[in-house]
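Student: Submitted below is the structure of interest, expressed as structure tokens.
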Amino acid sequence: MTVFDHAVVNVLGGMKEAAARYEQLGFRLTPRGYHTLGSINHLAVFGSDYLELLGYAPGEREKRAELWEHPAGLTGLALRTQDAAGLHAAMAEAGVAVEACKDFSRPVEIDGVQHEAAFRTFQLDRKAVANGRIFFCQHKTPELIWRSEYQDHPNGVTGIAGAFVVTTGPSAIPDMLAAAPGLAREAEGVVRAGNTCLRFAPAEAIAAHFGVRELPGPLGQNMRMVGLELRSRDIAQTAACLEAGGVPFERGAGWVQVDADEAAGLILRFVAQD
């Protein structure tokens, strides 16, 4: 079965500033990671998924240079599979344009002992996805990612409820994802992946959902990932945490929201946990 795995926030060369901001937003981040492919990251790990801040170290923009062509903000949606090679073959056989699998890892230190967190991924053809990636991730060592010491966040977040993608063709990506077992089409432009909904819709509809006049740009291409909804066990706790961090936010019935300028380029809406 295929479920939602993680969302990627592209911070380019501003990792230090982005990590400090996400700590102000109330996330407990993992120590900085260094991928064998050349990128660096911090994670905010939840119950069954996570948010990843991804960027490059000073002077190392040439490593994974294709990623840094994407704008700052939400540029990656990852779906989890137990068998990346098998799913890749099945989707290719079904006529879905997918790119080759990649294997990589990063060191993780636990109780003074060095381990290697290992992954295998592949993505939908980059010509079909503008301003980012939609990809599949196999965790070879999930026990090194989902560790209890990183899963309790001061802001009360427990998981990713939804991801919002502006697109001129709401059915295009869902049609490609239909070949992956376990992904349910709930409505036009809506794909359920485990506990997370991926929503593909025109700019006007997503702007109305978030109650904003402007969405994170650029919006001149056929799609742009613009926001996440995050589950909170206690919205009052979330609001108090944001206030303590000096982060401006809006509040509605059962939610609080942080604008893209305050969250490294994407809208964050915290919603009450079901």
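Letters A, B, ... mark the chains of the structure tokens in the order given; residue numbers begin at 1 per chain; ligand numbers begin at 1, in order shown.
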With DSSP run on the backbone, what are the strand (DSSP E) residues within region 8-233 of chain A? I'd like them as an MDAnalysis selection string.
Tutor: chainID A and resid 8:12 33:34 40:45 50:55 73:80 102:110 113:123 133:139 157:167 184:187 190:193 196:201 223:232
Student: Hey, what's within 10 Å of region 108-111 of chain A if we count only C-alpha atoms and toss same-chain stuff fewer than 3 positions away? As a list in words, please?
Tutor: Thr30, Pro31, Arg32, Gly33, Tyr34, Ser105, Gln114, His115, Glu116, Ala117, Leu144, Ile145 and Arg147 of chain A
Student: Restricting the output to C-alpha atoms, write the selected residues as a PDB file, in the first residue's frame.
Tutor:
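Saved file result-v2.pdb follows:
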ATOM      1  CA  THR A  30      16.383  16.601  14.302  1.00  0.00           C
ATOM      2  CA  PRO A  31      20.110  17.409  14.125  1.00  0.00           C
ATOM      3  CA  ARG A  32      21.361  18.480  10.713  1.00  0.00           C
ATOM      4  CA  GLY A  33      21.674  15.597   8.283  1.00  0.00           C
ATOM      5  CA  TYR A  34      24.122  15.261   5.386  1.00  0.00           C
ATOM      6  CA  SER A 105      21.813   7.529   2.725  1.00  0.00           C
ATOM      7  CA  GLN A 114      26.894   6.105  14.036  1.00  0.00           C
ATOM      8  CA  HIS A 115      24.255   4.526  11.784  1.00  0.00           C
ATOM      9  CA  GLU A 116      23.283   5.005   8.128  1.00  0.00           C
ATOM     10  CA  ALA A 117      19.686   5.959   7.342  1.00  0.00           C
ATOM     11  CA  LEU A 144      16.356   5.624  12.451  1.00  0.00           C
ATOM     12  CA  ILE A 145      13.753   8.211  11.422  1.00  0.00           C
ATOM     13  CA  ARG A 147      12.291   8.104  17.081  1.00  0.00           C
TER      14      ARG A 147
END
Student: Show which residues sit within 9 Å of region 150-164 of chain A, as number ranges by chain. Count only C-alpha atoms, and ignore same-chain residues fewer than 4 positions away.
Tutor: A: 4, 6-7, 25-30, 43-51, 77, 145-146, 192, 195-201, 206, 224-235, 237-242, 270-271, 273
Student: Any idea what the distance is between CA of Glu99 (chain A) and CA of Phe122 (chain A)?
Tutor: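 Separation between CA of Glu99 (chain A) and CA of Phe122 (chain A): 6.0 Å.
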Student: I need the residue nearest Ala263 (chain A) from this list: A:Val247, A:Ala205, A:Leu54, A:Cys137. Use only C-alpha atoms for the distance.
Tutor: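 Looking only at the distances to Ala263 (chain A), the closest residue turns out to be A:Val247.
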Student: Which of these residues is nearest to Thr168 (chain A), using only C-alpha atoms: A:Lys140, A:Gln221, A:Gly211, A:Cys101?
Tutor: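 Of the candidates, the smallest distance to Thr168 (chain A) is held by A:Gln221.
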Student: Select from region 31-272 of chain A everything DSSP, run on the backbone, classes as alpha helix (DSSP H), then give the selection as a ChimeraX atom specification.
Tutor: /A:84-93,172-177,203-210,235-244
Student: Residues near Gly38 (chain A), anyone? I mean within 9 Å using only C-alpha atoms, not counting same-chain ones fewer than 6 positions away, as a ChimeraX atom specification.
Tutor: /A:56-57,60-64
Student: May I have the residues from that selection written out with N, CA and C atoms, as a PDB file, in the first residue's frame?
Tutor:
ATOM      1  N   TYR A  56      21.184  23.322   0.825  1.00  0.00           N
ATOM      2  CA  TYR A  56      22.586  23.008   0.545  1.00  0.00           C
ATOM      3  C   TYR A  56      23.480  23.814   1.488  1.00  0.00           C
ATOM      4  N   ALA A  57      24.634  23.227   1.795  1.00  0.00           N
ATOM      5  CA  ALA A  57      25.597  23.884   2.667  1.00  0.00           C
ATOM      6  C   ALA A  57      26.300  25.009   1.905  1.00  0.00           C
ATOM      7  N   GLU A  60      28.108  24.783  -1.676  1.00  0.00           N
ATOM      8  CA  GLU A  60      27.828  23.467  -2.246  1.00  0.00           C
ATOM      9  C   GLU A  60      26.542  23.445  -3.073  1.00  0.00           C
ATOM     10  N   ARG A  61      26.198  24.561  -3.655  1.00  0.00           N
ATOM     11  CA  ARG A  61      24.983  24.628  -4.464  1.00  0.00           C
ATOM     12  C   ARG A  61      25.052  23.692  -5.674  1.00  0.00           C
ATOM     13  N   GLU A  62      26.249  23.405  -6.163  1.00  0.00           N
ATOM     14  CA  GLU A  62      26.360  22.565  -7.358  1.00  0.00           C
ATOM     15  C   GLU A  62      25.944  21.122  -7.088  1.00  0.00           C
ATOM     16  N   LYS A  63      25.920  20.708  -5.829  1.00  0.00           N
ATOM     17  CA  LYS A  63      25.460  19.361  -5.490  1.00  0.00           C
ATOM     18  C   LYS A  63      23.936  19.329  -5.535  1.00  0.00           C
ATOM     19  N   ARG A  64      23.363  18.379  -6.235  1.00  0.00           N
ATOM     20  CA  ARG A  64      21.914  18.286  -6.443  1.00  0.00           C
ATOM     21  C   ARG A  64      21.366  19.592  -7.044  1.00  0.00           C
TER      22      ARG A  64
END
Student: Contacts of His70 (chain A) at 7 Å or less, counting only C-alpha atoms, minus same-chain residues fewer than 3 places along, as JSON, numbers by chain?
Tutor: {"A": [67, 75, 131, 132]}
Student: Which value, in Å to one decimal, gives the distance between CA of Gly14 (chain A) and CA of Arg80 (chain A)?
Tutor: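 It comes out at 27.3 Å.
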Student: For CA of Ala244 (chain A) and CA of Ile267 (chain A), quote the distance in Å rounded to one decimal.
Tutor: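 So the two atoms, CA of Ala244 (chain A) and CA of Ile267 (chain A), lie 19.5 Å apart.
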Student: If you count only C-alpha atoms, which residues fall within 8 Å of Arg21 (chain A), apart from same-chain ones fewer than 3 positions away, as a VMD selection string?
Tutor: chain A and resid 17 to 18 24 to 25 262 to 264
Student: Go through A:Phe249, A:Trp255, A:Phe119, A:Phe210 one by one, measure the shortest atom-to-atom distance of each to Ala272 (chain A) using only C-alpha atoms, and give the residue with the smallest value.
Tutor: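 Once distances to Ala272 (chain A) are computed over only C-alpha atoms, the minimum belongs to A:Trp255.
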